[in-house]
file query-v6.cif (mmCIF, C-alpha atoms and all ligand atoms)
data_target
loop_
_atom_site.label_atom_id
_atom_site.label_comp_id
_atom_site.auth_asym_id
_atom_site.auth_seq_id
_atom_site.Cartn_x
_atom_site.Cartn_y
_atom_site.Cartn_z
CA MET U 1 1.56 14.89 0.72
CA SER U 2 0.74 15.46 4.34
CA ASP U 3 0.88 13.53 7.55
CA ASP U 4 -0.82 14.51 10.77
CA HIS U 5 0.75 11.61 12.60
CA THR U 6 3.64 13.02 14.55
CA SER U 7 3.63 11.10 17.80
CA SER U 8 4.93 7.70 16.75
CA ASP U 9 8.64 8.48 16.76
CA SER U 10 8.56 9.69 20.34
CA LYS U 11 6.58 6.67 21.48
CA LEU U 12 8.88 4.14 19.89
CA THR U 13 12.08 3.06 21.45
CA THR U 14 15.27 3.25 19.45
CA SER U 15 15.42 -0.51 19.30
CA LYS U 16 11.93 -0.77 17.85
CA ARG U 17 12.90 1.44 14.95
CA ARG U 18 16.10 -0.52 14.38
CA TRP U 19 14.71 -2.00 11.14
CA ALA U 20 14.04 1.48 9.84
CA ALA U 21 17.29 2.96 11.08
CA GLU U 22 19.20 0.40 9.08
CA GLY U 23 18.13 2.63 6.29
CA LYS U 24 18.32 0.29 3.36
CA PHE U 25 14.54 -0.06 3.26
CA LEU U 26 13.87 3.62 3.45
CA THR U 27 16.42 5.23 1.18
CA GLY U 28 14.71 7.34 -1.44
CA ARG U 29 13.55 5.30 -4.34
CA ILE U 30 11.02 8.01 -5.10
CA SER U 31 11.92 9.41 -8.49
CA ARG U 32 9.27 12.17 -8.61
CA PRO U 33 10.81 15.48 -9.72
CA GLU U 34 9.91 18.37 -7.42
CA THR U 35 8.46 20.48 -10.23
CA GLU U 36 6.15 17.86 -11.79
CA ARG U 37 3.11 16.48 -10.04
CA LEU U 38 1.55 14.55 -12.94
CA PRO U 39 3.69 11.59 -14.09
CA PRO U 40 4.41 11.18 -17.82
CA GLY U 41 1.56 9.74 -19.90
CA GLN U 42 -1.08 10.38 -17.21
CA HIS U 43 -4.23 12.57 -17.29
CA LEU U 44 -6.23 13.93 -14.37
CA VAL U 45 -9.70 12.70 -13.40
CA LYS U 46 -12.09 14.00 -10.75
CA THR U 47 -14.09 10.81 -10.23
CA TRP U 48 -12.60 7.65 -8.77
CA PRO U 49 -12.88 4.70 -11.19
CA VAL U 50 -13.28 1.13 -9.91
CA LEU U 51 -10.88 -1.49 -11.31
CA ASP U 52 -10.48 -5.09 -10.15
CA LEU U 53 -10.80 -8.69 -11.28
CA GLY U 54 -14.58 -8.49 -11.01
CA GLN U 55 -15.05 -10.37 -7.74
CA GLN U 56 -15.62 -7.92 -4.91
CA PRO U 57 -15.48 -9.97 -1.70
CA LEU U 58 -17.88 -9.08 1.10
CA ILE U 59 -15.88 -9.22 4.34
CA SER U 60 -17.53 -8.47 7.65
CA THR U 61 -15.38 -6.89 10.30
CA GLU U 62 -16.23 -9.91 12.52
CA THR U 63 -14.49 -12.36 10.21
CA TRP U 64 -11.82 -9.97 8.85
CA ARG U 65 -8.20 -10.84 9.66
CA LEU U 66 -4.86 -9.37 8.62
CA GLU U 67 -1.81 -11.62 8.76
CA VAL U 68 1.82 -10.51 8.60
CA ARG U 69 4.19 -13.42 7.92
CA GLY U 70 7.57 -14.37 6.54
CA LEU U 71 10.77 -12.59 7.53
CA VAL U 72 9.46 -10.83 10.65
CA GLU U 73 10.41 -11.24 14.29
CA THR U 74 6.77 -11.14 15.41
CA PRO U 75 4.22 -12.66 13.01
CA LEU U 76 0.88 -10.88 13.37
CA ASP U 77 -2.68 -12.18 13.11
CA LEU U 78 -4.89 -9.16 13.71
CA THR U 79 -8.62 -9.00 14.28
CA TRP U 80 -10.52 -5.86 13.26
CA ALA U 81 -10.52 -4.69 16.88
CA ALA U 82 -6.76 -5.25 17.20
CA PHE U 83 -6.17 -3.39 13.93
CA GLN U 84 -8.32 -0.46 15.11
CA ALA U 85 -6.33 -0.36 18.35
CA LEU U 86 -3.11 0.36 16.42
CA GLU U 87 -2.06 3.97 16.03
CA GLN U 88 -4.24 5.69 13.41
CA SER U 89 -2.82 8.08 10.80
CA THR U 90 -4.11 10.36 8.06
CA LYS U 91 -2.39 10.75 4.68
CA VAL U 92 -3.31 12.83 1.64
CA THR U 93 -1.95 11.24 -1.54
CA ASP U 94 -2.26 11.16 -5.32
CA ILE U 95 -3.37 8.05 -7.23
CA HIS U 96 -1.68 7.09 -10.51
CA CYS U 97 -3.29 4.17 -12.35
CA VAL U 98 -1.41 2.38 -15.11
CA THR U 99 -4.51 2.80 -17.34
CA THR U 100 -3.39 6.52 -17.44
CA TRP U 101 -5.78 8.22 -15.00
CA SER U 102 -4.49 10.07 -11.97
CA ARG U 103 -6.48 11.56 -9.09
CA TYR U 104 -5.03 14.15 -6.75
CA ASP U 105 -5.52 14.71 -3.01
CA ASN U 106 -7.16 11.57 -1.70
CA LYS U 107 -7.53 11.71 2.07
CA TRP U 108 -6.99 8.33 3.74
CA LYS U 109 -7.24 7.26 7.33
CA GLY U 110 -5.88 4.01 8.72
CA VAL U 111 -2.65 2.45 9.95
CA SER U 112 0.61 3.58 8.38
CA THR U 113 2.65 0.69 7.02
CA ARG U 114 5.59 1.87 9.15
CA ASP U 115 3.54 1.58 12.31
CA LEU U 116 2.45 -1.94 11.32
CA LEU U 117 6.07 -2.89 10.59
CA ASP U 118 7.12 -1.57 13.99
CA HIS U 119 4.94 -4.30 15.50
CA ALA U 120 6.03 -7.09 13.16
CA MET U 121 9.72 -6.06 13.06
CA PRO U 122 11.17 -7.03 9.66
CA LYS U 123 14.31 -9.17 9.83
CA PRO U 124 17.41 -7.77 8.11
CA GLU U 125 16.99 -10.23 5.21
CA ALA U 126 13.50 -8.94 4.37
CA LEU U 127 13.69 -6.98 1.10
CA CYS U 128 10.40 -7.56 -0.70
CA VAL U 129 6.70 -7.88 0.07
CA MET U 130 3.99 -10.09 -1.39
CA LEU U 131 0.41 -8.98 -0.79
CA THR U 132 -2.51 -11.41 -0.90
CA SER U 133 -6.13 -10.28 -0.93
CA TYR U 134 -9.52 -11.82 -0.18
CA ASP U 135 -10.35 -12.03 -3.90
CA GLY U 136 -7.20 -14.08 -4.59
CA TYR U 137 -5.35 -11.08 -6.03
CA THR U 138 -1.61 -10.89 -5.38
CA THR U 139 0.94 -8.16 -6.03
CA ASN U 140 4.60 -7.64 -5.13
CA LEU U 141 6.71 -4.62 -4.26
CA PRO U 142 10.00 -3.71 -2.59
CA LEU U 143 9.84 -3.31 1.19
CA SER U 144 11.23 0.21 0.71
CA ASP U 145 8.09 1.23 -1.22
CA PHE U 146 5.73 -0.63 1.12
CA ALA U 147 7.38 1.18 4.06
CA ALA U 148 7.36 4.60 2.37
CA GLU U 149 6.35 7.46 4.60
CA ASP U 150 2.93 8.02 2.97
CA ALA U 151 1.95 4.36 2.51
CA ILE U 152 -1.14 3.44 4.53
CA LEU U 153 -3.46 0.53 5.28
CA ALA U 154 -6.59 2.56 4.68
CA THR U 155 -10.01 2.03 6.23
CA SER U 156 -11.43 5.45 5.38
CA TRP U 157 -11.47 7.76 2.32
CA GLU U 158 -12.55 11.41 2.51
CA GLY U 159 -13.92 10.92 6.02
CA LEU U 160 -16.14 7.94 5.18
CA PRO U 161 -15.55 4.20 5.64
CA LEU U 162 -13.82 2.76 2.58
CA THR U 163 -16.55 1.25 0.38
CA ARG U 164 -16.50 -2.39 -0.67
CA ASP U 165 -15.89 -1.60 -4.36
CA HIS U 166 -12.71 0.31 -3.47
CA GLY U 167 -11.41 -2.47 -1.21
CA GLY U 168 -13.27 -1.95 2.06
CA PRO U 169 -13.07 -2.63 4.87
CA MET U 170 -9.29 -2.18 4.35
CA ARG U 171 -6.95 -1.69 1.41
CA LEU U 172 -3.33 -0.76 1.00
CA VAL U 173 -2.38 2.59 -0.59
CA VAL U 174 1.20 2.93 -1.89
CA PRO U 175 1.34 6.35 -3.56
CA ASN U 176 4.88 5.94 -5.02
CA LEU U 177 3.77 3.16 -7.36
CA TYR U 178 1.06 2.57 -9.95
CA PHE U 179 -2.23 1.78 -8.25
CA TRP U 180 -2.28 -1.93 -9.14
CA LYS U 181 0.27 -2.36 -6.31
CA SER U 182 -2.31 -0.98 -3.84
CA ALA U 183 -4.08 -4.21 -2.94
CA LYS U 184 -7.78 -3.92 -2.12
CA TRP U 185 -9.37 -6.27 0.51
CA LEU U 186 -5.89 -7.01 1.86
CA ARG U 187 -5.64 -10.20 3.87
CA ARG U 188 -1.99 -11.17 4.15
CA ILE U 189 1.43 -9.50 3.97
CA ASP U 190 4.49 -11.73 3.44
CA LEU U 191 7.99 -10.34 3.88
CA LEU U 192 10.39 -12.10 1.53
CA PRO U 193 14.13 -12.23 0.82
CA ALA U 194 13.64 -11.69 -2.94
CA ASP U 195 11.10 -10.39 -5.42
CA ALA U 196 8.41 -12.72 -6.78
CA ALA U 197 5.73 -11.85 -9.34
CA GLY U 198 2.10 -11.25 -8.32
CA PHE U 199 -1.00 -11.50 -10.52
CA TRP U 200 -0.46 -8.62 -12.96
CA GLU U 201 3.31 -8.97 -12.81
CA LYS U 202 2.94 -12.53 -14.14
CA ASN U 203 0.72 -11.10 -16.87
CA GLY U 204 3.13 -8.57 -18.32
CA TYR U 205 3.07 -5.69 -15.85
CA HIS U 206 6.29 -4.28 -14.46
CA MET U 207 7.84 -5.80 -11.32
CA HIS U 208 8.38 -2.33 -9.76
CA GLY U 209 5.76 -0.01 -11.33
CA ASP U 210 7.24 3.45 -10.70
CA PRO U 211 4.96 5.98 -12.50
CA TRP U 212 7.77 8.55 -12.72
CA ARG U 213 9.83 6.12 -14.77
CA GLU U 214 6.75 4.91 -16.70
CA GLN U 215 7.35 1.33 -15.58
CA ARG U 216 4.04 0.08 -16.93
CA TYR U 217 4.95 -3.22 -18.59
CA SER U 218 7.84 -5.62 -18.14
CA GLY U 219 10.62 -4.32 -20.33
CA ASP U 220 9.72 -0.61 -19.81
N1 LIG U 301 -7.59 -7.24 -4.24
C1 LIG U 301 -7.44 -6.54 -5.36
N2 LIG U 301 -6.75 -5.39 -5.30
C2 LIG U 301 -6.58 -4.65 -6.41
C3 LIG U 301 -7.08 -5.08 -7.65
C4 LIG U 301 -7.81 -6.31 -7.68
O1 LIG U 301 -8.29 -6.77 -8.73
N3 LIG U 301 -7.97 -6.99 -6.51
N4 LIG U 301 -6.87 -4.31 -8.77
C5 LIG U 301 -5.76 -3.37 -8.73
C6 LIG U 301 -5.82 -2.42 -9.82
S1 LIG U 301 -5.34 -2.99 -11.34
C7 LIG U 301 -6.13 -1.10 -9.62
S2 LIG U 301 -5.98 0.02 -10.87
C8 LIG U 301 -6.63 -0.62 -8.32
C9 LIG U 301 -7.99 0.02 -8.49
O2 LIG U 301 -8.49 0.47 -7.26
P1 LIG U 301 -9.90 1.21 -7.27
O3 LIG U 301 -10.91 0.24 -7.83
O4 LIG U 301 -10.18 1.59 -5.87
O5 LIG U 301 -9.75 2.41 -8.16
O6 LIG U 301 -6.75 -1.67 -7.37
C10 LIG U 301 -5.71 -2.60 -7.41
N5 LIG U 301 -5.89 -3.49 -6.29
MO MO U 302 -5.08 -1.18 -12.73
#
call {"tool": "encode", "arguments": {"input": "query-v6.cif", "output": "C-alpha cells"}}
result
Amino acid sequence: MSDDHTSSDSKLTTSKRRWAAEGKFLTGRISRPETERLPPGQHLVKTWPVLDLGQQPLISTETWRLEVRGLVETPLDLTWAAFQALEQSTKVTDIHCVTTWSRYDNKWKGVSTRDLLDHAMPKPEALCVMLTSYDGYTTNLPLSDFAAEDAILATSWEGLPLTRDHGGPMRLVVPNLYFWKSAKWLRRIDLLPADAAGFWEKNGYHMHGDPWREQRYSGD
C-alpha cells in the first residue's frame, strides 16, 4: 500500500482532526497478517471483472452530486467542481472480491475518505456508514473501515478517468473489506449511530466482510 499524500496533517488544525484523534474510529481492525498478501480462499486475476446489479447509471459531471449526511457537524452537498477542489490523493491497493478473485496493485486517484471526513466532521456518536449509489445500491460498513488510511473516493484508475462500468465518475474503494463494500457511482454517505444492512447484507452477505477472516456470508 502506498500513499503520496503527505501534506494533509500539516494543513489541518488539531481541532479539525479531533474526530480522528479520538481514536476509536481508527484503531486497527485490519486483520491482514504481515506475511500473507492473498486472503484465504482467493485467487489472483490480471484482468478487472465488472460486477453490479446490471444497471450502470450514466451520470454527467454537471448533474453529479455527493452528499454527506447524518451524524456530522457539517453536512456536505458537493458538486463535481467542489469535489475536485478537495485535496487529491493517490493510493495503490489490492482488490478482494467475495466471488474469490483478487487483483493486486490498483492505482487510484481521488479524495481520501479521511480528507472528506475532515470537512464533514463526524460527531462522536457516529460509528457506522451507509452508502447509497445512483443505481439504488446500498452497502454498510463501520466508520473505522470507511476512514481507513488507504480508503479513497476514486475518480481515476491507472492514470485514466474511472470508466462508467467500474463506477465512474466516482466510486468508493475500501481495500480492507470485500469489494462489494466499495460502492460504485456513489451518491450519498450517511453517518449512523449503529449498523444497518445494505443490499447484499440483507441478502445473506456478511455485515462486516473482512477478507482475512473470510466473512463472506452472514454466519461466517
Ligand atoms: N453502485 C454499486 N456499487 C457496487 C455494486 C453495484 O451493484 N452497484 N456491486 C458491488 C460488487 S458486488 C462488487 S464485486 C464490486 C465490483 O466492482 P467492479 O465492477 O468495478 O469490479 O462493486 C460493488 N459496488
Ligand atoms: Mo461482488
call {"tool": "residues_near_point", "arguments": {"input": "query-v6.cif", "point": "(0.8, 4.6, 13.1)", "cutoff": "7 Å", "atoms": "only C-alpha atoms", "output": "mmCIF file with C-alpha atoms, in the frame of the given file"}}
result
data_model
loop_
_atom_site.group_PDB
_atom_site.id
_atom_site.type_symbol
_atom_site.label_atom_id
_atom_site.label_comp_id
_atom_site.auth_asym_id
_atom_site.auth_seq_id
_atom_site.Cartn_x
_atom_site.Cartn_y
_atom_site.Cartn_z
ATOM 1 C CA SER U 8 4.930 7.700 16.750
ATOM 2 C CA LEU U 86 -3.110 0.360 16.420
ATOM 3 C CA GLU U 87 -2.060 3.970 16.030
ATOM 4 C CA GLN U 88 -4.240 5.690 13.410
ATOM 5 C CA SER U 89 -2.820 8.080 10.800
ATOM 6 C CA VAL U 111 -2.650 2.450 9.950
ATOM 7 C CA SER U 112 0.610 3.580 8.380
ATOM 8 C CA ARG U 114 5.590 1.870 9.150
ATOM 9 C CA ASP U 115 3.540 1.580 12.310
ATOM 10 C CA LEU U 116 2.450 -1.940 11.320
#
call {"tool": "residues_around", "arguments": {"input": "query-v6.cif", "residues": "Asp135 (chain U)", "least_positions_apart": "6", "cutoff": "12 Å", "atoms": "all atoms listed in the file", "output": "ChimeraX atom specification"}}
result
/U:52-59,164-165,167,183-188,199
call {"tool": "residues_near_point", "arguments": {"input": "query-v6.cif", "point": "(1.8, -9.0, -6.1)", "cutoff": "8 Å", "atoms": "only C-alpha atoms", "output": "PyMOL selection string"}}
result
chain U and resi 129-132+137-141+181+196-201
call {"tool": "residues_around", "arguments": {"input": "query-v6.cif", "residues": "Pro122 (chain U)", "least_positions_apart": "4", "cutoff": "10 Å", "atoms": "all atoms listed in the file", "output": "number ranges by chain"}}
result
U: 18-20, 69-75, 117-118, 126-127, 143, 191-192
call {"tool": "residues_near_ligand", "arguments": {"input": "query-v6.cif", "ligand": "ligand MO 302 (chain U)", "cutoff": "7 Å", "atoms": "all atoms listed in the file", "output": "list in words"}}
result
Leu51, Cys97, Val98, Thr99, Phe179 and Trp180 of chain U
call {"tool": "decode", "arguments": {"input": "query-v6.cif", "residues": "region 112-123 of chain U", "atoms": "all heavy atoms", "output": "mmCIF file, in the first residue's frame"}}
result
data_model
loop_
_atom_site.group_PDB
_atom_site.id
_atom_site.type_symbol
_atom_site.label_atom_id
_atom_site.label_comp_id
_atom_site.auth_asym_id
_atom_site.auth_seq_id
_atom_site.Cartn_x
_atom_site.Cartn_y
_atom_site.Cartn_z
ATOM 1 N N SER U 112 -9.213 11.156 -0.433
ATOM 2 C CA SER U 112 -9.181 10.147 0.624
ATOM 3 C C SER U 112 -10.389 10.354 1.529
ATOM 4 O O SER U 112 -10.844 11.487 1.742
ATOM 5 C CB SER U 112 -7.876 10.225 1.412
ATOM 6 O OG SER U 112 -7.946 11.234 2.382
ATOM 7 N N THR U 113 -10.921 9.248 2.043
ATOM 8 C CA THR U 113 -12.113 9.359 2.891
ATOM 9 C C THR U 113 -11.796 10.192 4.128
ATOM 10 O O THR U 113 -12.654 10.906 4.630
ATOM 11 C CB THR U 113 -12.635 7.972 3.292
ATOM 12 O OG1 THR U 113 -11.578 7.234 3.913
ATOM 13 C CG2 THR U 113 -13.160 7.223 2.083
ATOM 14 N N ARG U 114 -10.557 10.121 4.613
ATOM 15 C CA ARG U 114 -10.198 10.928 5.790
ATOM 16 C C ARG U 114 -10.268 12.414 5.485
ATOM 17 O O ARG U 114 -10.715 13.204 6.320
ATOM 18 C CB ARG U 114 -8.776 10.587 6.243
ATOM 19 C CG ARG U 114 -8.712 9.244 6.909
ATOM 20 C CD ARG U 114 -7.363 9.029 7.547
ATOM 21 N NE ARG U 114 -7.338 7.707 8.142
ATOM 22 C CZ ARG U 114 -6.347 7.234 8.877
ATOM 23 N NH1 ARG U 114 -5.276 7.991 9.087
ATOM 24 N NH2 ARG U 114 -6.401 6.027 9.389
ATOM 25 N N ASP U 115 -9.827 12.795 4.297
ATOM 26 C CA ASP U 115 -9.905 14.214 3.943
ATOM 27 C C ASP U 115 -11.362 14.663 3.827
ATOM 28 O O ASP U 115 -11.712 15.763 4.254
ATOM 29 C CB ASP U 115 -9.155 14.489 2.637
ATOM 30 C CG ASP U 115 -7.641 14.515 2.850
ATOM 31 O OD1 ASP U 115 -7.206 14.780 3.992
ATOM 32 O OD2 ASP U 115 -6.898 14.264 1.893
ATOM 33 N N LEU U 116 -12.220 13.804 3.242
ATOM 34 C CA LEU U 116 -13.638 14.157 3.179
ATOM 35 C C LEU U 116 -14.212 14.304 4.584
ATOM 36 O O LEU U 116 -14.947 15.260 4.867
ATOM 37 C CB LEU U 116 -14.422 13.092 2.406
ATOM 38 C CG LEU U 116 -15.887 13.472 2.183
ATOM 39 C CD1 LEU U 116 -16.011 14.445 1.020
ATOM 40 C CD2 LEU U 116 -16.757 12.258 1.963
ATOM 41 N N LEU U 117 -13.873 13.362 5.473
ATOM 42 C CA LEU U 117 -14.408 13.401 6.839
ATOM 43 C C LEU U 117 -13.902 14.618 7.605
ATOM 44 O O LEU U 117 -14.599 15.130 8.482
ATOM 45 C CB LEU U 117 -14.053 12.116 7.584
ATOM 46 C CG LEU U 117 -14.779 10.858 7.086
ATOM 47 C CD1 LEU U 117 -14.191 9.620 7.747
ATOM 48 C CD2 LEU U 117 -16.270 10.941 7.334
ATOM 49 N N ASP U 118 -12.721 15.102 7.276
ATOM 50 C CA ASP U 118 -12.220 16.316 7.917
ATOM 51 C C ASP U 118 -13.118 17.513 7.613
ATOM 52 O O ASP U 118 -13.202 18.449 8.406
ATOM 53 C CB ASP U 118 -10.803 16.634 7.444
ATOM 54 C CG ASP U 118 -9.761 15.784 8.152
ATOM 55 O OD1 ASP U 118 -10.041 15.300 9.263
ATOM 56 O OD2 ASP U 118 -8.663 15.607 7.579
ATOM 57 N N HIS U 119 -13.776 17.495 6.447
ATOM 58 C CA HIS U 119 -14.694 18.578 6.112
ATOM 59 C C HIS U 119 -16.055 18.377 6.767
ATOM 60 O O HIS U 119 -16.667 19.329 7.230
ATOM 61 C CB HIS U 119 -14.843 18.696 4.597
ATOM 62 C CG HIS U 119 -13.603 19.210 3.935
ATOM 63 N ND1 HIS U 119 -13.328 20.550 3.839
ATOM 64 C CD2 HIS U 119 -12.549 18.574 3.382
ATOM 65 C CE1 HIS U 119 -12.151 20.709 3.246
ATOM 66 N NE2 HIS U 119 -11.662 19.526 2.957
ATOM 67 N N ALA U 120 -16.524 17.139 6.802
ATOM 68 C CA ALA U 120 -17.859 16.880 7.370
ATOM 69 C C ALA U 120 -17.821 16.834 8.891
ATOM 70 O O ALA U 120 -18.819 17.158 9.533
ATOM 71 C CB ALA U 120 -18.407 15.569 6.809
ATOM 72 N N MET U 121 -16.718 16.393 9.470
ATOM 73 C CA MET U 121 -16.546 16.271 10.921
ATOM 74 C C MET U 121 -17.576 15.341 11.578
ATOM 75 O O MET U 121 -18.612 15.796 12.092
ATOM 76 C CB MET U 121 -16.586 17.643 11.592
ATOM 77 C CG MET U 121 -15.366 18.472 11.298
ATOM 78 S SD MET U 121 -13.845 17.674 11.851
ATOM 79 C CE MET U 121 -14.070 17.659 13.621
ATOM 80 N N PRO U 122 -17.281 14.045 11.618
ATOM 81 C CA PRO U 122 -18.178 13.099 12.293
ATOM 82 C C PRO U 122 -18.390 13.487 13.754
ATOM 83 O O PRO U 122 -17.463 13.936 14.431
ATOM 84 C CB PRO U 122 -17.407 11.774 12.207
ATOM 85 C CG PRO U 122 -16.495 11.931 11.052
ATOM 86 C CD PRO U 122 -16.122 13.386 11.016
ATOM 87 N N LYS U 123 -19.622 13.345 14.218
ATOM 88 C CA LYS U 123 -19.919 13.534 15.643
ATOM 89 C C LYS U 123 -19.440 12.300 16.407
ATOM 90 O O LYS U 123 -19.301 11.221 15.824
ATOM 91 C CB LYS U 123 -21.421 13.738 15.835
ATOM 92 C CG LYS U 123 -21.911 15.046 15.225
ATOM 93 C CD LYS U 123 -23.393 15.246 15.475
ATOM 94 C CE LYS U 123 -23.827 16.583 14.900
ATOM 95 N NZ LYS U 123 -25.276 16.768 15.002
#
